[in-house]
$ cat run12.cif   # mmCIF, C-alpha atoms and all ligand atoms
data_model
loop_
_atom_site.label_atom_id
_atom_site.label_comp_id
_atom_site.auth_asym_id
_atom_site.auth_seq_id
_atom_site.Cartn_x
_atom_site.Cartn_y
_atom_site.Cartn_z
CA MET A 1 -2.06 27.17 35.92
CA ARG A 2 -4.04 24.03 35.23
CA PRO A 3 -6.22 25.45 32.40
CA ALA A 4 -3.13 26.71 30.57
CA THR A 5 -1.37 23.34 30.87
CA VAL A 6 -4.46 21.48 29.68
CA LEU A 7 -4.83 23.87 26.75
CA ILE A 8 -1.21 23.51 25.68
CA MET A 9 -1.25 19.72 26.09
CA SER A 10 -4.49 19.49 24.09
CA ALA A 11 -3.00 21.57 21.30
CA LEU A 12 0.12 19.40 21.24
CA ALA A 13 -1.86 16.13 21.22
CA LEU A 14 -4.20 17.40 18.48
CA THR A 15 -1.27 18.34 16.26
CA GLY A 16 0.56 15.09 16.96
CA PHE A 17 3.35 17.11 18.62
CA GLY A 18 4.14 18.47 15.16
CA ALA A 19 5.20 15.07 13.81
CA GLY A 20 3.18 15.38 10.59
CA PRO A 21 5.72 17.21 8.41
CA PHE A 22 8.44 14.68 9.32
CA ALA A 23 6.34 11.58 8.62
CA VAL A 24 7.49 11.04 5.04
CA ALA A 25 11.16 11.59 5.90
CA LEU A 26 10.85 9.01 8.68
CA ALA A 27 8.98 6.57 6.43
CA ARG A 28 11.90 6.85 4.05
CA ARG A 29 14.61 6.09 6.60
CA ALA A 30 13.10 3.83 9.25
CA ASN A 31 12.62 0.10 8.97
CA PRO A 32 9.63 -0.12 6.60
CA ALA A 33 7.54 -2.62 8.59
CA LEU A 34 8.07 -0.75 11.87
CA ALA A 35 7.49 2.58 10.14
CA THR A 36 4.18 1.29 8.77
CA VAL A 37 2.99 0.12 12.18
CA LEU A 38 4.25 3.18 14.09
CA LEU A 39 2.99 5.79 11.62
CA THR A 40 -0.41 4.10 11.51
CA ALA A 41 -0.46 4.01 15.32
CA LEU A 42 0.55 7.67 15.42
CA SER A 43 -2.26 8.75 13.12
CA ILE A 44 -4.82 6.61 14.99
CA CYS A 45 -3.67 8.01 18.35
CA VAL A 46 -3.96 11.60 17.14
CA ALA A 47 -7.35 10.96 15.52
CA GLY A 48 -8.57 9.29 18.72
CA ALA A 49 -7.19 12.16 20.80
CA THR A 50 -8.99 14.63 18.54
CA VAL A 51 -12.35 12.96 19.09
CA ALA A 52 -11.77 12.39 22.83
CA ILE A 53 -10.51 15.89 23.66
CA ALA A 54 -13.20 17.62 21.59
CA ALA A 55 -15.99 15.52 23.10
CA LEU A 56 -14.66 15.88 26.65
CA THR A 57 -14.21 19.66 26.34
CA ALA A 58 -17.73 20.06 24.99
CA TYR A 59 -19.21 17.82 27.68
CA VAL A 60 -17.39 19.27 30.69
CA GLY A 61 -17.68 22.82 29.35
CA SER A 62 -21.45 22.54 29.07
CA VAL A 63 -21.93 21.53 32.71
CA GLY A 64 -23.29 24.97 33.63
CA ILE A 65 -25.39 25.38 30.46
CA LEU A 66 -26.99 21.94 30.28
CA PRO A 67 -26.93 20.49 33.81
CA ALA A 68 -29.59 17.95 32.87
CA LEU A 69 -27.11 16.12 30.62
CA HIS A 70 -24.56 15.66 33.41
CA PRO A 71 -24.51 13.47 36.54
CA ALA A 72 -26.34 15.05 39.46
CA ASP A 73 -23.28 15.00 41.72
CA TRP A 74 -21.19 17.14 39.36
CA SER A 75 -20.75 20.56 40.88
CA ALA A 76 -20.87 23.14 38.09
CA THR A 77 -19.33 25.90 40.21
CA GLU A 78 -16.41 23.73 41.30
CA ILE A 79 -15.69 22.55 37.78
CA GLU A 80 -15.99 26.00 36.26
CA ARG A 81 -13.63 27.36 38.87
CA ASP A 82 -10.97 24.66 38.42
CA LEU A 83 -11.18 24.28 34.64
CA PRO A 84 -13.10 27.14 33.07
CA VAL A 85 -14.11 26.44 29.48
CA PRO A 86 -15.38 29.59 27.70
CA PRO A 87 -18.79 29.06 26.00
CA VAL A 88 -17.25 29.78 22.61
CA LEU A 89 -14.72 27.01 23.16
CA THR A 90 -17.45 24.65 24.36
CA ALA A 91 -19.51 25.30 21.23
CA ALA A 92 -16.45 24.96 18.98
CA ALA A 93 -15.50 21.69 20.65
CA ALA A 94 -19.03 20.33 20.21
CA VAL A 95 -19.04 21.26 16.52
CA LEU A 96 -15.59 19.75 16.08
CA ALA A 97 -16.52 16.50 17.84
CA VAL A 98 -19.65 15.99 15.74
CA GLY A 99 -17.89 17.14 12.57
CA VAL A 100 -14.96 14.79 12.81
CA LEU A 101 -17.18 11.86 13.72
CA VAL A 102 -19.35 12.48 10.66
CA ARG A 103 -16.28 12.88 8.44
CA GLY A 104 -14.85 9.66 9.82
CA CYS A 105 -18.08 7.74 9.21
CA VAL A 106 -18.40 9.09 5.67
CA ARG A 107 -14.84 8.09 4.86
CA LEU A 108 -15.26 4.66 6.43
CA ALA A 109 -18.39 4.06 4.35
CA ALA A 110 -16.55 5.19 1.19
CA ILE A 111 -13.58 2.93 1.89
CA SER A 112 -15.67 -0.17 2.52
CA ARG A 113 -17.86 0.53 -0.52
CA GLN A 114 -14.80 0.88 -2.78
CA ALA A 115 -13.29 -2.25 -1.30
CA ARG A 116 -16.47 -4.24 -1.91
CA LEU A 117 -16.93 -3.01 -5.49
CA THR A 118 -13.33 -3.73 -6.41
CA ALA A 119 -13.21 -7.14 -4.76
CA THR A 120 -16.46 -8.14 -6.53
CA ALA A 121 -15.26 -6.99 -9.94
CA VAL A 122 -11.88 -8.67 -9.58
CA GLY A 123 -13.42 -11.79 -8.07
CA ALA A 124 -15.49 -12.23 -11.24
CA MET A 125 -12.40 -12.29 -13.46
CA PRO A 126 -10.66 -15.56 -14.33
CA ALA A 127 -7.69 -16.12 -12.03
CA ALA A 128 -4.71 -18.44 -11.98
CA GLY A 129 -4.34 -18.94 -8.27
CA LYS A 130 -4.14 -15.40 -6.96
CA LEU A 131 -3.09 -13.93 -10.29
CA VAL A 132 -5.50 -12.14 -12.61
CA VAL A 133 -3.98 -11.37 -16.00
CA VAL A 134 -5.68 -8.60 -17.90
CA GLN A 135 -5.29 -8.20 -21.66
CA SER A 136 -4.27 -4.58 -21.91
CA GLU A 137 -1.43 -2.72 -23.56
CA ARG A 138 -1.34 -0.36 -20.62
CA ALA A 139 0.98 -1.14 -17.74
CA HIS A 140 -1.01 -1.95 -14.63
CA ALA A 141 -0.20 -3.95 -11.54
CA PHE A 142 -1.95 -3.85 -8.21
CA ALA A 143 -3.11 -5.95 -5.31
CA VAL A 144 -6.78 -6.21 -4.41
CA PRO A 145 -7.43 -7.42 -0.87
CA GLY A 146 -10.52 -9.27 0.19
CA SER A 147 -11.70 -12.88 -0.28
CA GLY A 148 -8.21 -14.33 -0.46
CA GLY A 149 -6.84 -11.40 -2.39
CA ARG A 150 -5.86 -11.03 -6.03
CA VAL A 151 -2.91 -9.63 -7.86
CA VAL A 152 -4.06 -7.94 -11.06
CA VAL A 153 -1.43 -7.45 -13.74
CA SER A 154 -1.85 -6.36 -17.34
CA THR A 155 -0.05 -8.03 -20.23
CA GLY A 156 1.42 -4.60 -21.06
CA MET A 157 3.14 -4.57 -17.68
CA LEU A 158 4.35 -8.18 -17.97
CA ARG A 159 5.83 -7.55 -21.43
CA ALA A 160 7.76 -4.53 -20.17
CA LEU A 161 9.66 -6.65 -17.65
CA THR A 162 12.22 -9.46 -17.76
CA GLY A 163 11.65 -12.79 -16.02
CA PRO A 164 13.42 -11.85 -12.75
CA GLU A 165 11.71 -8.45 -12.77
CA ARG A 166 8.31 -10.15 -13.13
CA ARG A 167 9.22 -12.28 -10.13
CA ALA A 168 10.03 -9.13 -8.15
CA LEU A 169 6.72 -7.58 -9.20
CA LEU A 170 4.73 -10.64 -8.13
CA ALA A 171 6.58 -10.90 -4.81
CA HIS A 172 5.90 -7.21 -4.18
CA GLU A 173 2.17 -7.50 -4.82
CA LEU A 174 1.84 -10.77 -2.88
CA ALA A 175 3.55 -9.08 0.09
CA HIS A 176 0.80 -6.45 0.07
CA LEU A 177 -1.75 -9.24 0.41
CA THR A 178 -0.01 -11.49 2.92
CA SER A 179 0.92 -8.62 5.25
CA SER A 180 -2.51 -6.95 4.91
CA HIS A 181 -1.00 -3.61 3.94
CA HIS A 182 -4.40 -2.24 3.00
CA VAL A 183 -5.43 -2.32 6.68
CA PHE A 184 -2.66 0.14 7.54
CA THR A 185 -3.24 2.45 4.59
CA GLN A 186 -6.99 2.46 5.17
CA LEU A 187 -6.65 3.16 8.90
CA ALA A 188 -4.24 6.02 8.22
CA CYS A 189 -6.60 7.34 5.54
CA LEU A 190 -9.46 7.24 8.05
CA ALA A 191 -7.35 9.04 10.66
CA ALA A 192 -6.49 11.71 8.08
CA ALA A 193 -10.20 12.21 7.41
CA ILE A 194 -10.75 12.79 11.14
CA ASN A 195 -7.73 15.04 11.61
CA PRO A 196 -6.40 16.63 8.38
CA LEU A 197 -3.05 17.28 10.07
CA MET A 198 -2.51 13.53 9.73
CA ARG A 199 -2.56 13.66 5.90
CA PRO A 200 1.23 13.66 5.58
CA VAL A 201 1.32 10.73 8.00
CA SER A 202 -1.07 8.85 5.71
CA THR A 203 1.29 9.61 2.81
CA GLY A 204 4.14 8.29 4.97
CA VAL A 205 2.23 5.04 5.56
CA ASP A 206 1.70 4.69 1.79
CA LEU A 207 5.44 5.01 1.23
CA ALA A 208 6.31 2.67 4.11
CA VAL A 209 4.09 -0.17 2.84
CA GLU A 210 5.62 0.18 -0.64
CA ARG A 211 9.11 -0.07 0.86
CA TRP A 212 7.93 -3.03 2.94
CA ALA A 213 6.73 -4.81 -0.21
CA ASP A 214 9.94 -3.85 -2.03
CA ALA A 215 11.90 -5.52 0.76
CA ALA A 216 9.85 -8.70 0.20
CA ALA A 217 10.61 -8.47 -3.52
CA LEU A 218 14.29 -8.10 -2.71
CA ARG A 219 14.16 -11.27 -0.59
CA ALA A 220 12.54 -13.10 -3.52
CA VAL A 221 15.05 -12.09 -6.20
CA GLY A 222 18.12 -11.33 -4.10
CA ASP A 223 19.39 -8.41 -6.20
CA PRO A 224 18.35 -4.81 -5.43
CA HIS A 225 19.09 -3.78 -9.03
CA VAL A 226 16.45 -6.18 -10.35
CA VAL A 227 13.81 -4.78 -7.97
CA ALA A 228 14.85 -1.20 -8.74
CA HIS A 229 14.65 -1.84 -12.47
CA ALA A 230 11.25 -3.52 -12.14
CA ILE A 231 9.88 -0.49 -10.29
CA GLY A 232 11.53 2.00 -12.62
CA LYS A 233 10.51 0.28 -15.85
CA ALA A 234 6.97 -0.18 -14.58
CA ALA A 235 6.73 3.52 -13.75
CA LEU A 236 8.16 4.57 -17.12
CA ALA A 237 5.91 2.10 -18.95
CA GLN A 238 2.90 3.78 -17.38
CA ILE A 239 3.77 7.21 -18.72
CA GLY A 240 2.80 6.77 -22.34
CA PRO A 241 -0.76 5.57 -22.74
CA THR A 242 -1.75 5.92 -19.09
CA ILE A 243 -2.75 9.55 -19.08
CA HIS A 244 -5.93 8.17 -17.58
CA ASN A 245 -4.86 8.56 -14.00
CA SER A 246 -7.67 7.41 -11.78
CA LEU A 247 -5.82 8.47 -8.66
CA GLY A 248 -5.73 12.06 -9.82
CA VAL A 249 -2.41 12.80 -8.19
CA ALA A 250 1.12 12.01 -9.24
CA ARG A 251 2.74 9.69 -6.75
CA ASN A 252 6.41 10.33 -7.06
CA ASP A 253 7.50 7.96 -4.35
CA VAL A 254 8.89 5.72 -7.12
CA VAL A 255 12.13 7.68 -7.18
CA VAL A 256 12.37 7.53 -3.40
CA ARG A 257 11.80 3.77 -3.37
CA ILE A 258 14.48 3.21 -5.99
CA SER A 259 17.05 5.32 -4.20
CA CYS A 260 16.22 3.46 -0.97
CA LEU A 261 16.95 0.18 -2.76
CA LEU A 262 20.09 1.25 -4.59
CA ASP A 263 21.74 3.46 -2.01
CA ALA A 264 21.41 0.89 0.74
CA ARG A 265 23.68 2.64 3.20
CA ARG A 266 23.90 1.15 6.64
CA THR A 267 20.49 1.45 8.17
CA SER A 268 20.41 3.42 11.39
CA PRO A 269 18.07 2.59 14.27
CA TRP A 270 17.55 6.31 14.98
CA PRO A 271 14.68 7.07 12.63
CA THR A 272 12.76 4.15 14.07
CA ALA A 273 13.46 5.30 17.63
CA VAL A 274 12.36 8.86 16.80
CA LEU A 275 9.22 7.45 15.23
CA ALA A 276 8.43 5.38 18.31
CA ALA A 277 8.80 8.48 20.49
CA ALA A 278 6.62 10.48 18.10
CA THR A 279 3.92 7.84 18.47
CA ILE A 280 4.02 7.77 22.26
CA LEU A 281 3.94 11.57 22.75
CA PRO A 282 0.41 12.26 21.43
CA LEU A 283 -0.89 9.28 23.36
CA ALA A 284 0.71 10.56 26.56
CA GLY A 285 -0.55 14.08 25.88
CA ALA A 286 -4.11 12.90 25.34
CA ALA A 287 -3.94 10.73 28.46
CA PHE A 288 -2.72 13.74 30.45
CA VAL A 289 -5.63 15.88 29.25
CA VAL A 290 -8.20 13.18 29.98
CA LEU A 291 -6.75 12.64 33.48
CA GLN A 292 -6.87 16.39 34.18
CA PHE A 293 -10.56 16.52 33.26
CA HIS A 294 -11.14 13.43 35.32
CA GLY A 295 -9.33 14.92 38.31
CA VAL A 296 -11.39 18.11 38.20
CA VAL A 297 -14.67 16.24 37.94
CA GLU A 298 -13.65 13.87 40.73
CA ALA A 299 -12.73 16.80 43.00
CA SER A 300 -16.06 18.49 42.31
CA GLU A 301 -17.92 15.28 43.19
CA LEU A 302 -16.04 15.00 46.47
CA ALA A 303 -16.71 18.65 47.27
CA GLY A 304 -20.39 18.23 46.39
CA SER A 305 -21.00 15.16 48.50
CA MET B 306 20.12 -9.83 2.20
CA VAL B 307 20.53 -12.60 -0.28
CA GLY B 308 19.11 -15.80 0.97
CA ARG B 309 16.30 -18.25 0.76
CA ARG B 310 17.05 -18.95 -2.85
CA ASN B 311 14.88 -21.87 -3.75
CA PRO B 312 12.71 -23.04 -0.86
CA ARG B 313 9.73 -21.03 -2.08
CA PRO B 314 6.17 -22.29 -2.11
CA LYS B 315 4.95 -24.00 -5.28
CA GLY B 316 2.23 -21.35 -5.60
CA SER B 317 4.60 -18.53 -6.41
CA LEU B 318 6.34 -20.56 -9.13
CA GLU B 319 2.93 -21.16 -10.67
CA LEU B 320 2.24 -17.42 -10.69
CA GLU B 321 5.66 -16.73 -12.12
CA ILE B 322 5.08 -19.21 -14.95
CA VAL B 323 1.62 -17.84 -15.71
CA ALA B 324 3.07 -14.32 -15.76
CA GLY B 325 5.86 -15.47 -18.09
CA ILE B 326 3.44 -17.10 -20.50
CA ALA B 327 1.13 -14.08 -20.40
CA ALA B 328 4.05 -11.86 -21.34
CA ALA B 329 4.80 -13.89 -24.47
CA ASP B 330 3.31 -13.24 -27.89
CA GLY B 331 2.38 -16.86 -28.55
CA PRO B 332 2.29 -20.23 -26.83
CA LEU B 333 5.53 -21.36 -25.15
CA THR B 334 7.12 -24.77 -24.72
CA ALA B 335 8.54 -25.82 -21.37
CA ALA B 336 12.06 -24.94 -22.56
CA GLU B 337 10.89 -21.49 -23.66
CA VAL B 338 9.12 -20.96 -20.35
CA LEU B 339 12.29 -21.91 -18.53
CA SER B 340 14.30 -19.31 -20.45
CA ALA B 341 11.58 -16.67 -19.95
CA LEU B 342 11.82 -17.16 -16.18
CA GLY B 343 15.48 -16.19 -16.34
CA ARG B 344 16.65 -18.15 -13.33
CA PRO B 345 18.25 -21.52 -12.71
CA LEU B 346 15.46 -24.04 -12.33
CA ALA B 347 15.26 -27.71 -13.21
CA TYR B 348 13.51 -28.38 -16.52
CA THR B 349 11.42 -31.07 -14.85
CA THR B 350 10.23 -28.62 -12.18
CA VAL B 351 8.94 -26.33 -14.90
CA LEU B 352 7.38 -29.22 -16.80
CA THR B 353 5.64 -30.54 -13.67
CA THR B 354 4.26 -27.11 -12.84
CA LEU B 355 3.06 -26.61 -16.42
CA THR B 356 1.28 -29.95 -16.31
CA ARG B 357 -0.34 -29.05 -13.00
CA LEU B 358 -1.50 -25.69 -14.40
CA PHE B 359 -2.88 -27.52 -17.45
CA GLU B 360 -4.79 -29.92 -15.19
CA LYS B 361 -6.15 -26.97 -13.22
CA GLN B 362 -7.35 -25.59 -16.59
CA VAL B 363 -5.36 -22.41 -16.15
CA LEU B 364 -3.39 -23.23 -19.30
CA THR B 365 -4.27 -24.92 -22.57
CA ARG B 366 -1.69 -26.71 -24.68
CA GLU B 367 -1.13 -27.73 -28.25
CA PRO B 368 1.44 -30.12 -29.66
CA ARG B 369 4.54 -28.54 -31.14
CA GLY B 370 7.13 -30.97 -32.41
CA ARG B 371 7.67 -33.57 -29.74
CA ALA B 372 6.59 -31.26 -26.90
CA TYR B 373 3.60 -29.15 -25.95
CA ALA B 374 3.29 -25.40 -26.19
CA TYR B 375 1.25 -23.74 -23.45
CA ARG B 376 -0.87 -20.62 -23.43
CA LEU B 377 -3.26 -18.95 -21.00
CA VAL B 378 -6.85 -20.14 -21.14
CA GLY B 379 -8.02 -16.56 -20.74
CA ASN B 380 -6.79 -15.03 -23.98
CA ARG B 381 -8.57 -17.09 -26.58
CA THR B 382 -11.62 -15.26 -27.81
CA GLU B 383 -12.31 -11.65 -28.69
CA ALA B 384 -15.42 -11.70 -26.55
CA GLU B 385 -13.51 -12.80 -23.50
CA ALA B 386 -10.85 -10.19 -24.03
CA TRP B 387 -13.51 -7.51 -24.38
CA LEU B 388 -15.26 -8.62 -21.22
CA THR B 389 -12.01 -8.63 -19.28
CA ALA B 390 -11.19 -5.16 -20.54
CA ARG B 391 -14.56 -3.92 -19.31
CA GLU B 392 -14.13 -5.55 -15.92
CA MET B 393 -10.68 -4.02 -15.76
CA GLN B 394 -12.04 -0.58 -16.53
CA LYS B 395 -14.61 -1.01 -13.76
CA VAL B 396 -11.89 -1.88 -11.30
CA LEU B 397 -9.70 1.02 -12.35
CA ASP B 398 -12.62 3.42 -12.11
CA THR B 399 -13.27 2.42 -8.53
CA GLY B 400 -9.67 3.17 -7.74
CA ASN B 401 -10.13 6.93 -7.68
CA ASP B 402 -10.01 7.07 -3.90
CA ARG B 403 -6.60 7.02 -2.32
CA ALA B 404 -8.05 4.77 0.35
CA SER B 405 -5.73 2.32 -1.37
CA VAL B 406 -8.25 -0.35 -2.01
CA LEU B 407 -5.89 -0.85 -4.89
CA THR B 408 -2.24 -0.62 -4.17
CA GLN B 409 -0.73 0.18 -7.54
CA PHE B 410 2.74 -1.19 -8.08
CA VAL B 411 3.85 2.26 -9.13
CA GLY B 412 2.09 5.58 -9.16
CA SER B 413 2.19 8.01 -12.03
CA LEU B 414 5.14 10.32 -12.42
CA ASP B 415 5.49 14.00 -13.09
CA GLU B 416 8.12 15.20 -15.57
CA THR B 417 10.80 15.99 -13.02
CA SER B 418 10.51 12.55 -11.47
CA GLU B 419 10.54 10.91 -14.87
CA GLN B 420 13.82 12.64 -15.69
CA LEU B 421 15.26 11.72 -12.28
CA LEU B 422 14.20 8.13 -12.76
CA ARG B 423 15.83 7.78 -16.18
CA GLU B 424 19.07 9.19 -14.80
CA LEU B 425 18.92 6.94 -11.76
CA LEU B 426 18.43 3.80 -13.86
CA GLN B 427 21.19 4.83 -16.24
CA ARG B 428 23.60 5.34 -13.36
CA HIS B 429 22.79 1.84 -12.13
CA PRO B 430 22.76 -0.17 -15.34
CA GLY B 431 21.97 -3.39 -13.50
CA LEU B 432 21.39 -6.31 -15.79
CA GLU B 433 20.44 -4.84 -19.13
CA PRO B 434 19.58 -1.50 -20.72
CA VAL B 435 16.08 -0.27 -19.97
CA THR B 436 15.16 0.07 -23.62
CA LYS B 437 16.02 -3.45 -24.70
CA SER B 438 13.47 -5.29 -22.62
CA SER B 439 10.16 -4.91 -24.40
CA SER B 440 10.09 -8.48 -25.66
CA GLY B 441 9.70 -9.94 -22.21
CA HIS B 442 12.12 -12.71 -23.07
CA THR B 443 15.55 -12.77 -21.64
CA ASP B 444 17.98 -15.54 -21.60
CA GLY B 445 19.22 -14.31 -18.28
CA PRO B 446 22.67 -15.54 -17.34
CA PRO B 447 22.06 -18.56 -15.12
CA GLU B 448 24.47 -17.34 -12.45
ZN ZN C 501 2.96 -1.74 -4.01
#
$ encode --input "run12.cif" --output "structure tokens"
Amino acid sequence: MRPATVLIMSALALTGFGAGPFAVALARRANPALATVLLTALSICVAGATVAIAALTAYVGSVGILPALHPADWSATEIERDLPVPPVLTAAAAVLAVGVLVRGCVRLAAISRQARLTATAVGAMPAAGKLVVVQSERAHAFAVPGSGGRVVVSTGMLRALTGPERRALLAHELAHLTSSHHVFTQLACLAAAINPLMRPVSTGVDLAVERWADAAALRAVGDPHVVAHAIGKAALAQIGPTIHNSLGVARNDVVVRISCLLDARRTSPWPTAVLAAATILPLAGAAFVVLQFHGVVEASELAGS
Amino acid sequence: MVGRRNPRPKGSLELEIVAGIAAADGPLTAAEVLSALGRPLAYTTVLTTLTRLFEKQVLTREPRGRAYAYRLVGNRTEAEAWLTAREMQKVLDTGNDRASVLTQFVGSLDETSEQLLRELLQRHPGLEPVTKSSSGHTDGPPE
């Protein structure tokens, strides 16, 4: 009974209770700030559960094979009777644990290297306060965190917009900096590197921070049409000369963001509530699995002494 | 969610003015800056901010008539423009990881989304047609 329950719970925790495919839909409907925090928490919980369950399975499963690595009072026979882990599963768990940790470290190194390079390059450019204006016919606008943060905007982008739309653009980018949105997107990206099932959740976080910044822009200009037009015109302005797409993938969340702004139907608390539940479930599942392992080991120690 | 109309920090007005001047083809006087901002602000507020930006050496100015016309310090020489373009390229090249070191204002679009977007903006005409805005100057109706 117990092994089956542990197995099922582990599977559920590792897959985030199947929340992945719904992440983007929730990011679209829930309160953007809460969605950002909850989706990031969800992906971190599942990534943490992945590492913890894999490491624990490998460690407890190898009690009979490598007794030297385990505490002397662990009784291999007791543990193997209560929670038998087949050798194949033990080996797979060990490979998984090491693999995901290496993947996580590689991604973390890549993220911090990119961040450093970008912040250095942007830091060297002349800025007016936080604003770096770049002479370029292409339409670019982005926020670069680190050392106070900079908003980089090209003249091509500024010329494509009206005064109020420029104000919306600046408010949007400044919101990214003041609310440290990069921390959420980077954490979710790291979690997705550890557990690929969290990739859609990372995409959901990307959308949620954009909506969060759009809400800040809306507060600055007061009219959703102005924000929607700023986003839309900026996206259309990028199409022409910006075939050079350094991100390599089309990000079509622009249309979603605009419909969120323009079709501001009454917001419902349900998506946020569902999201909160979806965040708690993997955490509870992982805790259950860890406690089961702990219980079995504890019992074997008592029996051994 | 309309609210908090004017009590905004000075810093963001400075950025807005710099952005407005950068969008223009040539130097702008305080009155021209005011109209480029497209919102109801006191002329003196704009003038004070312009003077402060000039003192911070963010802007340069030249006399025009009885006033000054302001431009960005950054866009004077060819060499500077070239250097900035190269720095820019470096930054954009490092942005190939979706780790979102850079959070682009908008991502690129595929054709379907582009079509959708044009329809969406046409259905919600907002303030002005999408095509008529390339000049960057609007004498927005001061509410
Ligand atoms: Zn953004």
$ atom_distance --input "run12.cif" --atom1 "CA of Gly156 (chain A)" --atom2 "CA of Ser136 (chain A)"
5.8 Å
$ closest_residue --input "run12.cif" --among "A:Asp223, A:Asp82, A:Glu137, A:Asp73" --to "chain B" --atoms "all atoms listed in the file"
A:Asp223
$ residues_near_ligand --input "run12.cif" --ligand "ligand ZN 501 (chain C)" --cutoff "6 Å" --atoms "all atoms listed in the file" --output "PyMOL selection string"
(chain A and resi 173+210) or (chain B and resi 408-410)
$ atom_distance --input "run12.cif" --atom1 "CA of Gln238 (chain A)" --atom2 "CA of Val378 (chain B)"
26.1 Å
$ residues_near_point --input "run12.cif" --point "(9.6, -6.0, -14.5)" --cutoff "12 Å" --atoms "all atoms listed in the file" --output "PyMOL selection string"
(chain A and resi 139-141+153-172+217+221+225-237) or (chain B and resi 321+324-325+328+342-343+410-411+432-433+435+438-443)
$ write_last_selection --input "run12.cif" --atoms "C-alpha atoms" --output "PDB file, keeping the file's coordinate frame"
ATOM      1  CA  ALA A 139       0.980  -1.140 -17.740  1.00  0.00           C
ATOM      2  CA  HIS A 140      -1.010  -1.950 -14.630  1.00  0.00           C
ATOM      3  CA  ALA A 141      -0.200  -3.950 -11.540  1.00  0.00           C
ATOM      4  CA  VAL A 153      -1.430  -7.450 -13.740  1.00  0.00           C
ATOM      5  CA  SER A 154      -1.850  -6.360 -17.340  1.00  0.00           C
ATOM      6  CA  THR A 155      -0.050  -8.030 -20.230  1.00  0.00           C
ATOM      7  CA  GLY A 156       1.420  -4.600 -21.060  1.00  0.00           C
ATOM      8  CA  MET A 157       3.140  -4.570 -17.680  1.00  0.00           C
ATOM      9  CA  LEU A 158       4.350  -8.180 -17.970  1.00  0.00           C
ATOM     10  CA  ARG A 159       5.830  -7.550 -21.430  1.00  0.00           C
ATOM     11  CA  ALA A 160       7.760  -4.530 -20.170  1.00  0.00           C
ATOM     12  CA  LEU A 161       9.660  -6.650 -17.650  1.00  0.00           C
ATOM     13  CA  THR A 162      12.220  -9.460 -17.760  1.00  0.00           C
ATOM     14  CA  GLY A 163      11.650 -12.790 -16.020  1.00  0.00           C
ATOM     15  CA  PRO A 164      13.420 -11.850 -12.750  1.00  0.00           C
ATOM     16  CA  GLU A 165      11.710  -8.450 -12.770  1.00  0.00           C
ATOM     17  CA  ARG A 166       8.310 -10.150 -13.130  1.00  0.00           C
ATOM     18  CA  ARG A 167       9.220 -12.280 -10.130  1.00  0.00           C
ATOM     19  CA  ALA A 168      10.030  -9.130  -8.150  1.00  0.00           C
ATOM     20  CA  LEU A 169       6.720  -7.580  -9.200  1.00  0.00           C
ATOM     21  CA  LEU A 170       4.730 -10.640  -8.130  1.00  0.00           C
ATOM     22  CA  ALA A 171       6.580 -10.900  -4.810  1.00  0.00           C
ATOM     23  CA  HIS A 172       5.900  -7.210  -4.180  1.00  0.00           C
ATOM     24  CA  ALA A 217      10.610  -8.470  -3.520  1.00  0.00           C
ATOM     25  CA  VAL A 221      15.050 -12.090  -6.200  1.00  0.00           C
ATOM     26  CA  HIS A 225      19.090  -3.780  -9.030  1.00  0.00           C
ATOM     27  CA  VAL A 226      16.450  -6.180 -10.350  1.00  0.00           C
ATOM     28  CA  VAL A 227      13.810  -4.780  -7.970  1.00  0.00           C
ATOM     29  CA  ALA A 228      14.850  -1.200  -8.740  1.00  0.00           C
ATOM     30  CA  HIS A 229      14.650  -1.840 -12.470  1.00  0.00           C
ATOM     31  CA  ALA A 230      11.250  -3.520 -12.140  1.00  0.00           C
ATOM     32  CA  ILE A 231       9.880  -0.490 -10.290  1.00  0.00           C
ATOM     33  CA  GLY A 232      11.530   2.000 -12.620  1.00  0.00           C
ATOM     34  CA  LYS A 233      10.510   0.280 -15.850  1.00  0.00           C
ATOM     35  CA  ALA A 234       6.970  -0.180 -14.580  1.00  0.00           C
ATOM     36  CA  ALA A 235       6.730   3.520 -13.750  1.00  0.00           C
ATOM     37  CA  LEU A 236       8.160   4.570 -17.120  1.00  0.00           C
ATOM     38  CA  ALA A 237       5.910   2.100 -18.950  1.00  0.00           C
TER      39      ALA A 237
ATOM     40  CA  GLU B 321       5.660 -16.730 -12.120  1.00  0.00           C
ATOM     41  CA  ALA B 324       3.070 -14.320 -15.760  1.00  0.00           C
ATOM     42  CA  GLY B 325       5.860 -15.470 -18.090  1.00  0.00           C
ATOM     43  CA  ALA B 328       4.050 -11.860 -21.340  1.00  0.00           C
ATOM     44  CA  LEU B 342      11.820 -17.160 -16.180  1.00  0.00           C
ATOM     45  CA  GLY B 343      15.480 -16.190 -16.340  1.00  0.00           C
ATOM     46  CA  PHE B 410       2.740  -1.190  -8.080  1.00  0.00           C
ATOM     47  CA  VAL B 411       3.850   2.260  -9.130  1.00  0.00           C
ATOM     48  CA  LEU B 432      21.390  -6.310 -15.790  1.00  0.00           C
ATOM     49  CA  GLU B 433      20.440  -4.840 -19.130  1.00  0.00           C
ATOM     50  CA  VAL B 435      16.080  -0.270 -19.970  1.00  0.00           C
ATOM     51  CA  SER B 438      13.470  -5.290 -22.620  1.00  0.00           C
ATOM     52  CA  SER B 439      10.160  -4.910 -24.400  1.00  0.00           C
ATOM     53  CA  SER B 440      10.090  -8.480 -25.660  1.00  0.00           C
ATOM     54  CA  GLY B 441       9.700  -9.940 -22.210  1.00  0.00           C
ATOM     55  CA  HIS B 442      12.120 -12.710 -23.070  1.00  0.00           C
ATOM     56  CA  THR B 443      15.550 -12.770 -21.640  1.00  0.00           C
TER      57      THR B 443
END
